Every structure is written in C-alpha cells, then in structure tokens.
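Participant: Structure file entry23.cif (mmCIF, C-alpha atoms) right here:
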```cif
data_start
#
loop_
_atom_site.label_atom_id
_atom_site.label_comp_id
_atom_site.auth_asym_id
_atom_site.auth_seq_id
_atom_site.Cartn_x
_atom_site.Cartn_y
_atom_site.Cartn_z
CA MET T 1105 95.15 117.93 86.90
CA ALA T 1106 97.03 120.73 85.16
CA PRO T 1107 98.91 123.15 87.42
CA ASP T 1108 96.82 126.16 86.41
CA THR T 1109 93.44 124.49 86.85
CA ILE T 1110 90.93 126.79 88.52
CA ILE T 1111 88.30 125.21 90.71
CA PRO T 1112 85.36 126.80 92.51
CA ALA T 1113 85.62 127.46 96.21
CA GLY T 1114 83.30 125.90 98.72
CA ALA T 1115 82.84 122.55 97.02
CA ALA T 1116 82.45 120.85 100.38
CA ARG T 1117 79.47 122.98 101.21
CA SER T 1118 77.58 120.70 98.84
CA LEU T 1119 77.53 118.34 101.82
CA SER T 1120 76.24 120.94 104.27
CA SER T 1121 73.12 119.05 105.37
CA ARG T 1122 73.20 117.36 108.76
CA SER T 1123 71.29 114.35 107.43
CA ILE T 1124 72.98 111.14 106.35
CA SER T 1125 70.49 110.77 103.49
CA THR T 1126 71.80 113.99 101.94
CA HIS T 1127 75.35 112.71 102.21
CA LEU T 1128 74.29 109.48 100.55
CA ALA T 1129 72.63 111.42 97.74
CA ALA T 1130 75.74 113.53 97.29
CA ARG T 1131 77.77 110.34 97.00
CA THR T 1132 75.75 109.18 94.00
CA ALA T 1133 75.20 112.61 92.44
CA PRO T 1134 78.24 114.77 93.27
CA PRO T 1135 77.91 118.46 92.43
CA THR T 1136 79.79 119.86 89.51
CA LEU T 1137 82.47 122.37 90.41
CA SER T 1138 80.78 125.00 88.25
CA ASP T 1139 77.71 124.83 90.51
CA CYS T 1140 79.59 126.74 93.22
CA GLU T 1141 80.36 130.43 93.29
CA GLY T 1142 83.88 131.75 93.65
CA GLN T 1143 87.11 130.35 92.26
CA VAL T 1144 90.50 129.22 93.43
CA ASP T 1145 93.33 130.55 91.31
CA MET T 1146 96.13 128.00 91.67
CA LYS T 1147 98.85 130.53 90.80
CA ARG T 1148 97.60 132.79 93.57
CA LEU T 1149 97.50 129.82 95.93
CA ARG T 1150 101.09 128.83 95.13
CA ALA T 1151 102.30 132.42 95.50
CA TYR T 1152 100.72 132.65 98.95
CA ARG T 1153 102.31 129.42 100.15
CA LEU T 1154 105.75 130.29 98.80
CA ASP T 1155 105.55 133.75 100.38
CA ARG T 1156 104.68 132.14 103.72
CA LEU T 1157 107.67 129.83 103.47
CA ARG T 1158 110.09 132.57 102.48
CA ALA T 1159 108.90 134.80 105.33
CA GLN T 1160 109.90 132.03 107.71
CA LEU T 1161 113.26 131.60 105.96
CA ARG T 1162 113.96 135.28 106.50
CA ALA T 1163 112.82 135.12 110.11
CA HIS T 1164 115.23 132.25 110.77
CA ASP T 1165 118.10 134.00 108.95
CA VAL T 1166 118.93 131.22 106.50
CA ALA T 1167 120.07 131.38 102.89
CA GLY T 1168 117.44 128.86 101.86
CA ILE T 1169 116.09 125.42 102.53
CA VAL T 1170 116.52 121.94 101.06
CA LEU T 1171 113.22 120.07 101.04
CA TYR T 1172 112.92 116.29 100.86
CA ASP T 1173 109.50 115.76 102.39
CA PRO T 1174 107.09 115.61 99.42
CA ILE T 1175 104.50 117.48 101.47
CA ASN T 1176 106.87 120.40 101.94
CA ILE T 1177 107.93 120.32 98.28
CA ARG T 1178 104.30 120.50 97.24
CA TYR T 1179 103.57 123.34 99.65
CA ALA T 1180 106.50 125.38 98.33
CA THR T 1181 106.08 124.69 94.62
CA GLY T 1182 102.84 122.85 93.84
CA SER T 1183 104.87 119.98 92.36
CA ARG T 1184 104.19 116.33 93.19
CA ASN T 1185 105.58 112.97 92.15
CA MET T 1186 105.15 109.59 93.89
CA ALA T 1187 104.52 111.26 97.24
CA VAL T 1188 104.17 108.17 99.41
CA TRP T 1189 107.16 106.45 97.82
CA THR T 1190 109.39 109.49 98.23
CA LEU T 1191 108.37 109.81 101.88
CA HIS T 1192 110.78 106.94 102.54
CA ASN T 1193 113.04 107.06 99.48
CA ALA T 1194 115.11 110.26 99.38
CA SER T 1195 115.17 110.41 95.60
CA ARG T 1196 113.62 113.81 94.99
CA TYR T 1197 114.34 117.18 96.58
CA CYS T 1198 114.08 120.91 96.08
CA PHE T 1199 116.28 123.92 96.83
CA VAL T 1200 114.26 126.98 97.81
CA PRO T 1201 116.49 130.03 98.30
CA THR T 1202 115.30 132.81 100.54
CA GLU T 1203 115.84 135.05 97.54
CA GLY T 1204 116.31 133.68 94.05
CA PRO T 1205 115.15 130.97 91.64
CA ILE T 1206 113.91 127.59 92.90
CA VAL T 1207 115.62 124.45 91.62
CA LEU T 1208 113.77 121.14 91.72
CA PHE T 1209 115.86 117.96 91.64
CA GLU T 1210 113.58 115.37 90.10
CA PHE T 1211 113.54 111.58 90.08
CA HIS T 1212 114.93 109.82 87.01
CA ASN T 1213 113.21 111.02 83.81
CA GLY T 1214 110.51 112.89 85.72
CA GLU T 1215 111.49 116.38 84.64
CA HIS T 1216 108.30 116.82 82.58
CA LEU T 1217 106.03 116.45 85.61
CA SER T 1218 106.47 120.06 86.72
CA GLU T 1219 105.99 121.70 83.34
CA GLY T 1220 103.91 124.84 83.62
CA LEU T 1221 104.69 125.54 87.26
CA GLU T 1222 105.79 129.15 87.53
CA THR T 1223 107.33 128.49 90.95
CA ILE T 1224 110.13 126.32 89.55
CA ALA T 1225 112.87 128.02 87.56
CA GLU T 1226 114.91 124.92 86.78
CA VAL T 1227 114.60 121.13 86.99
CA ARG T 1228 117.72 119.01 87.35
CA PRO T 1229 118.19 115.26 87.82
CA ALA T 1230 118.35 114.30 91.50
CA GLN T 1231 121.54 112.94 93.02
CA ALA T 1232 120.35 109.93 95.03
CA TRP T 1233 122.73 109.19 97.90
CA TYR T 1234 120.46 107.26 100.25
CA PHE T 1235 121.56 103.63 100.66
CA PHE T 1236 119.00 102.02 98.34
CA GLY T 1237 119.96 104.42 95.58
CA ALA T 1238 123.72 104.57 96.18
CA GLY T 1239 124.63 101.43 98.12
CA PRO T 1240 128.30 101.45 99.18
CA ARG T 1241 128.84 104.63 97.11
CA MET T 1242 126.68 106.65 99.52
CA ASN T 1243 129.44 108.95 100.79
CA GLU T 1244 130.74 109.51 97.26
CA LYS T 1245 127.29 110.44 95.98
CA ALA T 1246 126.60 112.60 99.04
CA ALA T 1247 129.76 114.59 98.29
CA ILE T 1248 128.56 115.27 94.73
CA TRP T 1249 125.15 116.28 96.07
CA ALA T 1250 126.66 118.60 98.67
CA ALA T 1251 128.89 120.36 96.14
CA GLU T 1252 125.89 121.18 93.96
CA ILE T 1253 123.85 122.44 96.92
CA ALA T 1254 126.77 124.50 98.19
CA ASP T 1255 127.10 126.16 94.77
CA LEU T 1256 123.43 127.16 94.92
CA VAL T 1257 123.84 128.58 98.43
CA LYS T 1258 126.87 130.58 97.27
CA ALA T 1259 125.00 131.88 94.21
CA THR T 1260 121.85 132.98 96.04
CA GLY T 1261 122.74 133.41 99.71
CA GLY T 1262 124.56 136.74 99.60
CA GLY T 1263 127.28 135.36 101.84
CA ASN T 1264 124.89 133.63 104.27
CA ARG T 1265 126.12 130.05 104.78
CA ARG T 1266 123.22 128.92 106.97
CA LEU T 1267 121.02 126.35 105.22
CA ALA T 1268 117.83 124.78 106.53
CA ALA T 1269 116.80 121.21 105.70
CA ASP T 1270 113.61 119.39 106.57
CA HIS T 1271 115.37 116.00 106.41
CA CYS T 1272 119.06 115.29 105.99
CA ASP T 1273 120.98 112.16 106.97
CA ILE T 1274 124.41 112.27 108.60
CA ALA T 1275 126.35 111.68 105.38
CA GLY T 1276 124.76 114.73 103.78
CA ILE T 1277 125.31 116.97 106.81
CA ARG T 1278 128.97 116.04 106.96
CA ALA T 1279 129.39 116.57 103.22
CA LEU T 1280 127.86 120.07 103.44
CA GLU T 1281 130.05 120.98 106.40
CA VAL T 1282 133.10 120.41 104.19
CA HIS T 1283 131.87 123.42 102.17
CA GLY T 1284 131.37 125.55 105.25
CA ILE T 1285 127.59 125.17 105.22
CA GLU T 1286 125.85 125.30 108.61
CA ILE T 1287 122.76 123.07 108.67
CA CYS T 1288 119.76 123.99 110.80
CA ASP T 1289 116.35 122.44 111.29
CA GLY T 1290 113.90 123.18 108.51
CA GLN T 1291 110.82 121.26 109.60
CA ALA T 1292 109.82 123.93 112.11
CA ILE T 1293 110.19 126.53 109.35
CA CYS T 1294 107.86 124.56 107.10
CA GLU T 1295 105.24 123.84 109.74
CA LEU T 1296 105.11 127.42 110.95
CA ALA T 1297 104.63 128.52 107.34
CA ARG T 1298 101.90 125.98 106.72
CA CYS T 1299 99.84 126.66 109.85
CA ILE T 1300 97.97 129.76 108.57
CA LYS T 1301 95.69 128.97 105.64
CA SER T 1302 94.54 131.32 102.89
CA ALA T 1303 90.95 131.41 101.66
CA ASP T 1304 92.11 129.44 98.62
CA GLU T 1305 93.53 126.72 100.84
CA ILE T 1306 90.29 126.54 102.81
CA ALA T 1307 88.36 126.09 99.56
CA LEU T 1308 90.59 123.16 98.59
CA MET T 1309 90.33 121.69 102.07
CA ASN T 1310 86.55 121.94 101.85
CA HIS T 1311 86.67 120.06 98.57
CA SER T 1312 88.77 117.33 100.19
CA ILE T 1313 86.29 117.13 103.08
CA SER T 1314 83.40 116.73 100.63
CA VAL T 1315 85.16 113.71 99.14
CA CYS T 1316 85.94 112.29 102.57
CA GLU T 1317 82.36 112.68 103.75
CA ALA T 1318 81.06 111.02 100.59
CA GLY T 1319 83.30 108.08 101.49
CA MET T 1320 82.01 108.10 105.06
CA ALA T 1321 78.44 108.06 103.75
CA LYS T 1322 79.28 105.10 101.53
CA MET T 1323 80.70 103.29 104.56
CA ARG T 1324 77.54 104.00 106.55
CA GLU T 1325 75.36 102.75 103.72
CA GLU T 1326 77.36 99.54 103.25
CA LEU T 1327 77.83 98.69 106.94
CA LYS T 1328 76.06 95.44 107.76
CA PRO T 1329 76.63 92.47 110.05
CA GLY T 1330 78.87 89.82 108.52
CA MET T 1331 81.25 92.06 106.61
CA THR T 1332 84.86 92.46 107.69
CA GLU T 1333 86.51 95.61 108.95
CA ASN T 1334 88.75 95.60 105.88
CA GLU T 1335 85.75 95.40 103.54
CA LEU T 1336 84.17 98.42 105.20
CA TRP T 1337 87.44 100.41 105.17
CA ALA T 1338 87.90 99.74 101.44
CA HIS T 1339 84.85 101.87 100.61
CA LEU T 1340 86.57 105.01 101.94
CA HIS T 1341 89.63 104.30 99.81
CA HIS T 1342 87.53 103.70 96.71
CA VAL T 1343 85.59 106.96 96.97
CA ASN T 1344 88.75 108.95 97.69
CA ILE T 1345 90.67 107.60 94.71
CA ALA T 1346 87.68 107.72 92.36
CA ARG T 1347 87.23 111.43 93.12
CA GLY T 1348 90.86 112.44 92.70
CA GLY T 1349 92.12 111.87 96.24
CA GLU T 1350 95.57 110.55 96.96
CA TRP T 1351 96.07 108.28 99.96
CA ILE T 1352 95.00 107.44 103.52
CA GLU T 1353 97.66 107.73 106.18
CA THR T 1354 96.47 105.10 108.68
CA ARG T 1355 94.25 102.02 109.01
CA LEU T 1356 92.32 103.14 112.08
CA LEU T 1357 89.03 101.27 111.96
CA ALA T 1358 87.92 98.84 114.65
CA SER T 1359 84.72 97.11 115.71
CA GLY T 1360 83.29 95.69 118.89
CA GLY T 1361 85.86 94.95 121.57
CA ARG T 1362 88.67 96.15 119.32
CA THR T 1363 87.40 99.73 119.74
CA ASN T 1364 88.83 99.71 123.30
CA PRO T 1365 91.62 100.57 123.70
CA TRP T 1366 91.95 102.79 120.65
CA PHE T 1367 94.53 102.49 117.83
CA HIS T 1368 93.77 98.95 116.64
CA GLU T 1369 94.18 98.80 112.85
CA CYS T 1370 91.41 97.36 110.70
CA SER T 1371 91.54 93.63 110.15
CA ASP T 1372 89.61 90.69 108.74
CA ARG T 1373 87.48 90.54 111.88
CA ILE T 1374 83.78 90.10 111.08
CA ILE T 1375 81.56 92.91 112.32
CA ARG T 1376 78.54 91.74 114.29
CA ALA T 1377 75.09 93.20 114.84
CA GLY T 1378 74.84 95.45 117.86
CA GLU T 1379 78.50 96.45 117.83
CA LEU T 1380 80.12 99.84 117.56
CA VAL T 1381 82.40 100.54 114.59
CA ALA T 1382 84.83 103.44 115.07
CA PHE T 1383 87.23 104.94 112.55
CA ASP T 1384 89.56 107.86 111.86
CA THR T 1385 89.82 108.87 108.20
CA ASP T 1386 93.32 110.48 108.05
CA LEU T 1387 92.52 110.98 104.37
CA ILE T 1388 94.69 112.91 101.93
CA GLY T 1389 92.18 114.02 99.35
CA PRO T 1390 92.20 116.05 96.12
CA PHE T 1391 94.94 118.67 95.81
CA GLY T 1392 96.77 117.03 98.72
CA TYR T 1393 94.67 118.47 101.53
CA CYS T 1394 93.90 116.35 104.57
CA SER T 1395 90.46 115.48 105.90
CA ASP T 1396 90.92 114.06 109.39
CA LEU T 1397 87.48 113.11 110.68
CA SER T 1398 86.32 110.42 113.07
CA ARG T 1399 82.94 108.83 113.60
CA THR T 1400 81.52 105.82 115.40
CA TYR T 1401 78.63 103.88 113.84
CA TYR T 1402 76.21 101.39 115.34
CA CYS T 1403 75.92 98.21 113.27
CA GLY T 1404 72.48 96.75 112.70
CA HIS T 1405 68.88 97.79 113.22
CA GLY T 1406 68.52 97.29 116.96
CA LYS T 1407 68.73 99.86 119.73
CA PRO T 1408 72.16 100.76 121.13
CA SER T 1409 72.73 99.77 124.73
CA GLY T 1410 72.74 102.30 127.54
CA GLU T 1411 76.51 101.85 127.87
CA GLN T 1412 77.06 102.55 124.17
CA GLN T 1413 74.90 105.66 124.37
CA GLU T 1414 76.78 106.92 127.43
CA LEU T 1415 80.13 106.56 125.65
CA TYR T 1416 78.82 108.35 122.59
CA ARG T 1417 77.13 111.18 124.48
CA LEU T 1418 80.29 111.87 126.48
CA ALA T 1419 82.42 111.95 123.31
CA HIS T 1420 79.93 114.28 121.65
CA GLU T 1421 79.83 116.52 124.73
CA GLN T 1422 83.62 116.68 124.80
CA ILE T 1423 83.79 117.77 121.15
CA GLU T 1424 81.09 120.40 121.54
CA THR T 1425 82.39 121.76 124.86
CA ASN T 1426 85.95 122.15 123.63
CA MET T 1427 84.83 123.67 120.36
CA GLN T 1428 83.09 126.44 122.29
CA LEU T 1429 86.38 127.28 124.03
CA ILE T 1430 88.46 127.57 120.87
CA ARG T 1431 89.18 131.11 119.75
CA PRO T 1432 92.10 133.14 118.45
CA GLY T 1433 94.42 134.31 121.21
CA ILE T 1434 93.79 131.45 123.62
CA SER T 1435 96.92 129.62 124.71
CA PHE T 1436 97.24 125.86 124.52
CA ARG T 1437 97.75 125.67 128.28
CA GLU T 1438 94.72 127.85 128.95
CA LEU T 1439 92.60 125.64 126.75
CA ALA T 1440 93.94 122.50 128.45
CA GLU T 1441 93.05 123.99 131.85
CA THR T 1442 89.47 124.82 130.85
CA ALA T 1443 88.76 121.89 128.51
CA PHE T 1444 86.12 119.22 129.08
CA LYS T 1445 87.02 117.14 132.13
CA LEU T 1446 86.90 113.43 131.51
CA PRO T 1447 85.35 111.26 134.23
CA ASP T 1448 88.05 109.38 136.10
CA ARG T 1449 87.19 106.00 134.59
CA TYR T 1450 87.86 107.34 131.08
CA LEU T 1451 90.99 109.33 131.83
CA PRO T 1452 93.53 106.48 131.38
CA GLY T 1453 92.30 105.83 127.84
CA ARG T 1454 92.21 109.49 126.79
CA TYR T 1455 93.32 110.49 123.31
CA SER T 1456 96.83 111.89 122.89
CA VAL T 1457 95.68 115.48 122.23
CA ILE T 1458 92.67 117.76 122.66
CA PHE T 1459 93.20 119.19 119.18
CA HIS T 1460 95.84 119.22 116.47
CA GLY T 1461 96.54 121.26 113.36
CA VAL T 1462 95.68 119.96 109.90
CA GLY T 1463 96.62 120.98 106.37
CA PHE T 1464 98.47 118.69 103.99
CA CYS T 1465 98.56 116.27 106.93
CA ASP T 1466 98.33 116.41 110.70
CA GLU T 1467 100.63 119.29 111.59
CA TYR T 1468 101.48 122.07 114.06
CA PRO T 1469 100.01 122.95 116.48
CA HIS T 1470 98.64 120.48 119.00
CA CYS T 1471 97.25 120.83 122.50
CA ALA T 1472 97.93 118.07 125.02
CA TYR T 1473 95.70 117.26 127.95
CA LEU T 1474 96.54 119.12 131.15
CA GLU T 1475 97.74 115.80 132.61
CA ASP T 1476 100.27 115.50 129.77
CA ILE T 1477 101.24 119.04 128.84
CA ASP T 1478 104.31 119.33 131.08
CA ALA T 1479 105.73 115.96 130.07
CA HIS T 1480 104.76 115.80 126.39
CA GLY T 1481 103.14 119.05 125.29
CA TYR T 1482 104.08 122.64 124.61
CA ASP T 1483 102.46 126.03 124.82
CA GLY T 1484 101.51 128.44 122.06
CA VAL T 1485 98.61 130.56 120.92
CA LEU T 1486 95.84 129.82 118.45
CA GLU T 1487 95.56 132.24 115.53
CA ALA T 1488 92.86 133.07 113.03
CA GLY T 1489 93.50 131.16 109.82
CA MET T 1490 94.61 127.96 111.53
CA THR T 1491 92.70 124.78 110.75
CA ILE T 1492 92.52 122.21 113.52
CA CYS T 1493 90.85 118.92 114.37
CA VAL T 1494 89.01 118.64 117.68
CA GLU T 1495 89.41 115.13 119.12
CA SER T 1496 87.61 112.79 121.48
CA TYR T 1497 88.05 109.17 122.47
CA ILE T 1498 85.91 107.76 125.26
CA GLY T 1499 86.61 104.25 126.48
CA ALA T 1500 86.87 103.00 130.06
CA GLU T 1501 89.98 101.11 131.06
CA GLY T 1502 89.00 97.45 130.74
CA GLY T 1503 85.66 98.43 129.18
CA ASN T 1504 83.87 96.61 126.38
CA GLU T 1505 83.88 99.30 123.67
CA GLY T 1506 84.97 102.86 122.94
CA VAL T 1507 83.82 105.82 120.86
CA LYS T 1508 85.99 107.97 118.59
CA LEU T 1509 84.74 111.33 117.28
CA GLU T 1510 86.62 114.16 115.56
CA ASP T 1511 85.67 117.29 113.62
CA GLN T 1512 87.68 119.71 111.49
CA VAL T 1513 87.32 123.46 112.01
CA LEU T 1514 88.70 126.80 110.87
CA ILE T 1515 89.67 129.35 113.50
CA THR T 1516 88.12 132.69 112.60
CA ALA T 1517 88.44 136.14 114.10
CA SER T 1518 85.49 135.43 116.38
CA GLY T 1519 85.77 131.70 117.12
CA VAL T 1520 85.47 128.65 114.90
CA GLU T 1521 83.77 127.64 111.69
CA ARG T 1522 83.02 123.95 111.45
CA LEU T 1523 84.32 122.63 108.14
CA SER T 1524 83.24 119.01 108.57
CA THR T 1525 79.51 118.46 108.25
CA PHE T 1526 78.97 114.72 108.62
CA PRO T 1527 76.12 114.05 111.05
CA TYR T 1528 76.33 112.26 114.36
CA GLU T 1529 74.39 109.07 115.11
CA GLU T 1530 71.00 110.05 116.49
CA ALA T 1531 70.36 106.63 118.01
CA LEU T 1532 73.66 106.70 119.88
CA LEU T 1533 72.84 110.17 121.17
CA GLY T 1534 69.59 108.71 122.52
CA ARG T 1535 67.46 110.90 120.27
CA GLU T 1536 65.62 108.09 118.46
CA ILE T 1537 64.71 104.46 119.02
#
```
Would you put the structure from the file into structure tokens?

Facilitator:
Amino acid sequence: MAPDTIIPAGAARSLSSRSISTHLAARTAPPTLSDCEGQVDMKRLRAYRLDRLRAQLRAHDVAGIVLYDPINIRYATGSRNMAVWTLHNASRYCFVPTEGPIVLFEFHNGEHLSEGLETIAEVRPAQAWYFFGAGPRMNEKAAIWAAEIADLVKATGGGNRRLAADHCDIAGIRALEVHGIEICDGQAICELARCIKSADEIALMNHSISVCEAGMAKMREELKPGMTENELWAHLHHVNIARGGEWIETRLLASGGRTNPWFHECSDRIIRAGELVAFDTDLIGPFGYCSDLSRTYYCGHGKPSGEQQELYRLAHEQIETNMQLIRPGISFRELAETAFKLPDRYLPGRYSVIFHGVGFCDEYPHCAYLEDIDAHGYDGVLEAGMTICVESYIGAEGGNEGVKLEDQVLITASGVERLSTFPYEEALLGREI
C-alpha cells in the first residue's frame, strides 16, 4: 500500500457484535473502508511517531539512534522491507538523529521501497557486517560501517558523541569506540516512545483486530473433530495474509491434554470431539499492528464437562475482574496486589504476566503476578493512551486441560475501552446447553 494511503478509522468496529454469527458474516462480507467515518492520515501518523521517538532521544541526551529492529525502523519512518528476515539478518538499518535528516541504509537494490516517505531524507546502500553477510571480513566491514555512522553523528550531533542503538554486536561497538562514540541502549528509548498511542494508531490497531477476529471466526466455523491442530491454525494465517496482514509471531494452539501446561505449539495432533482447543493469535496484521487475542473453543456438539466449564469460568472471571481494576495512574505493583487471586491449585500454572503492552508487537509495559514481581517484574504506572492485553491461563498442575483467554484494551482517562470484540463461548460459561 502506498505510503500516503488514507484509511478510515474504526474499521474494527465493523466486528462490534458479541455474536459469533456476526463475526462469521463479517468474514465473508468484510466492510469497505469507506463505510466508516473518520480518516487516518498516514503523514500525520508518521509525524506523531517520529516526534515521540525524538522526544525520548532528547530525554536520554543522545545525538541520535541507530535502528536495526525492523519494528523500530517502521515506527520511526513508516518504511518496511522483509521484516521477519531482517529480524535475524542485520542487513538493513536506519540513522535517526535527534535533530537533522534521517538516513535509511537499505538492503541491496531496495532503495526504491521507501519512495514517497517524507520521513526519510536519504537512502544509502547498507554495509552488512554480520557474519552471514561479511564472513571473515566482519571486522573490516564493521570499521567501514562505523566510520560512516560516526560521520553522521559528527554532522548532526552538535558535539554530542553519545549514540543509542537498539541492537549492536560487539564488533560494531568496538569499531564505533575507535571514533570516540559512546554507545548506549536504544531499545528502552524505542519502547518508551511506542507505549503511548495516538488516535490514528488506535484506528490502525482496530483494523488489525478486525482482520484477526475474522480469522478467529473462520477457525471457529471450521473446527471439527478429525482435523489437525495445524489445519485449524492455517485458517488464521490465510485470513490475515488475504486481508493485508503480515505474519504471526508464535504457533500457540493446542488441543485436549496439550492445553495443560500452556505453551505447546500446534502440531499434527488430531482434535477430538469433546476437547478444548486453546490458542493465542500473536498476529501482526495490516499496517504492522499487533492483535494479541486468546480464546478457547469447545470441539463438537456435545455439552462441555463441569471441569471444562469451571476452568473457563475462572479464566473469564480473571479477565473481567482485572479489567475493572485497570485505570491510568495505577502502579503495576498496586494492580498485582489487588488482582484476581488464583485458587491454589491453579497458581503453579499461572501465566507469566497479568497484562502486557501491545503495539507493533508485545511491548512495554508488563505487570507480573505478585508472586513473581520481586524476582522477575518491575514497577511503573499505567497511562492513558497505552494499549495492553489482559491475560488469563487456568490449568491445574497435573490437570487434564487448560483454558487460555486474552483481550486487548485501550487505557482511557477514565478506565479502559475494550478493543477486541470476539465473543466468549456461552456453553463453556454454562449459559446454554
């Protein structure tokens, strides 16, 4: 899609009904973007994100930042190219000065991919010094790379020799130090910038959620005894790609006994009637925004067992209870202290966090359980404009099955606005036979 494309806000609200049938209808007859009121101006969106990043650069007193993570490059500039591949091949990077023109260093012959982006003043060929790209010449290539970066710092830094980097291997750090450049961590800078979303970002996130929920509806429609976990998971991928989405970060779908403990990846196991099927989307949808939703389905036409209903009701209660506590100004520790208390038999299998931030991916902040916060967590304060995912996993240690639920919300001045709309399973809640 062209960089200056304007899309209507609120596309996800087309899936606002709490009924699965409406989600299924939306899957087959998606709304046109022109049906929605309001627009997202992509130039305005990019300006907001770049301003957020540069405010953090100033706050950390650095001359600029070198970005390798394709998520951070996209946030700063709107430019993308082979995002998943460049997550593990350092072949593309960007120099964002605190003040001055941005220079994108593009993969071989990819200079044309950022045409029309007002954020980028210049595109140069990237100097690849990671081992796959440079082999035994890595240190030589890193020295060339460092000299070019140092020249940019000198030209734009006003004498400031402090440079942030989101990722930089040892060879690059040493090569920059030769030029008197002090390297500091840039990932915190990026995540702090990304954590407060504009209205334009929320509109794009809503659009991503609408695609994700259409995929979830397709999965629910296609779920039947005798299919494999992989076959079911493939429907989410298909809908995402067909509607302009990008990738899915995990393979978290499990059925039956593989739902407990959590974190089994989907497999060729055949799903049977009467089993639970749990999944976590971790979906990077259109425009790069993440939709991180979890649901648990019941397979077949029978009645869920009392044990299955208990697991599901507890997970649902945990989501709803914790969502009522979320508000701007509450600290992570305060929320952990007042959050839903898991019964003892479910505590060992608890999820890793009560909530986590979400934007282009799972990101800052997160809130650990009170049992974990001193060892693995950190404190902070929720702010209006953050988007977070509220998590639950309920599965007894040594139990037969488990339930995974998760919803995505926006923190507002008064509390939360639920962005995800996909309905819960009435039969598992015990509301129908």

Participant: What gap, in Å, lies between CA of Cys1465 in chain T and CA of Gly1360 in chain T?

Facilitator: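 It comes out at 28.3 Å.
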
Participant: To verify the selection step, state as a list in words which residues the PyMOL selection byres ((chain T and resi 1490) around 7) yields on this input.

Facilitator: Cys1299, Ile1300, Lys1301, Glu1487, Ala1488, Gly1489, Thr1491, Ile1492, Leu1514 and Ile1515 of chain T

Participant: So which residues touch Ala1180 in chain T within 8 Å, counting only C-alpha atoms, skipping near sequence neighbours fewer than 4 positions away, as a ChimeraX atom specification?

Facilitator: /T:1150,1153-1154,1157,1176,1200

Participant: Write the residues of the selection above to a file with C-alpha atoms, as a PDB file, keeping the file's coordinate frame.

Facilitator:
```pdb
ATOM      1  CA  ARG T1150     101.090 128.830  95.130  1.00  0.00           C
ATOM      2  CA  ARG T1153     102.310 129.420 100.150  1.00  0.00           C
ATOM      3  CA  LEU T1154     105.750 130.290  98.800  1.00  0.00           C
ATOM      4  CA  LEU T1157     107.670 129.830 103.470  1.00  0.00           C
ATOM      5  CA  ASN T1176     106.870 120.400 101.940  1.00  0.00           C
ATOM      6  CA  VAL T1200     114.260 126.980  97.810  1.00  0.00           C
TER       7      VAL T1200
END
```

Participant: Nearest residue to Ala1268 in chain T out of T:Trp1366, T:Phe1526, T:Tyr1172, T:Tyr1416, using only C-alpha atoms?

Facilitator: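 Nearest to Ala1268 in chain T: T:Tyr1172.
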
Participant: Using only C-alpha atoms, collect all residues at a distance of at most 12 Å from (102.5, 132.7, 103.2) as written in the file, then present them as a PyMOL selection string.

Facilitator: chain T and resi 1148-1161+1179-1180+1293-1305+1489

Participant: Per residue of range 1389-1483 of chain T within 10 Å of range 1353-1356 of chain T, record the nearest atom pair and its distance in Å to one decimal, counting only C-alpha atoms, with rows in chain order and ascending residue number, as CSV.

Facilitator:
```
residue,atom,partner,partner_atom,distance
T:Cys1394,CA,T:Glu1353,CA,9.5
T:Asp1396,CA,T:Glu1353,CA,9.8
T:Ser1398,CA,T:Leu1356,CA,9.5
T:Cys1465,CA,T:Glu1353,CA,8.6
T:Asp1466,CA,T:Glu1353,CA,9.8
```
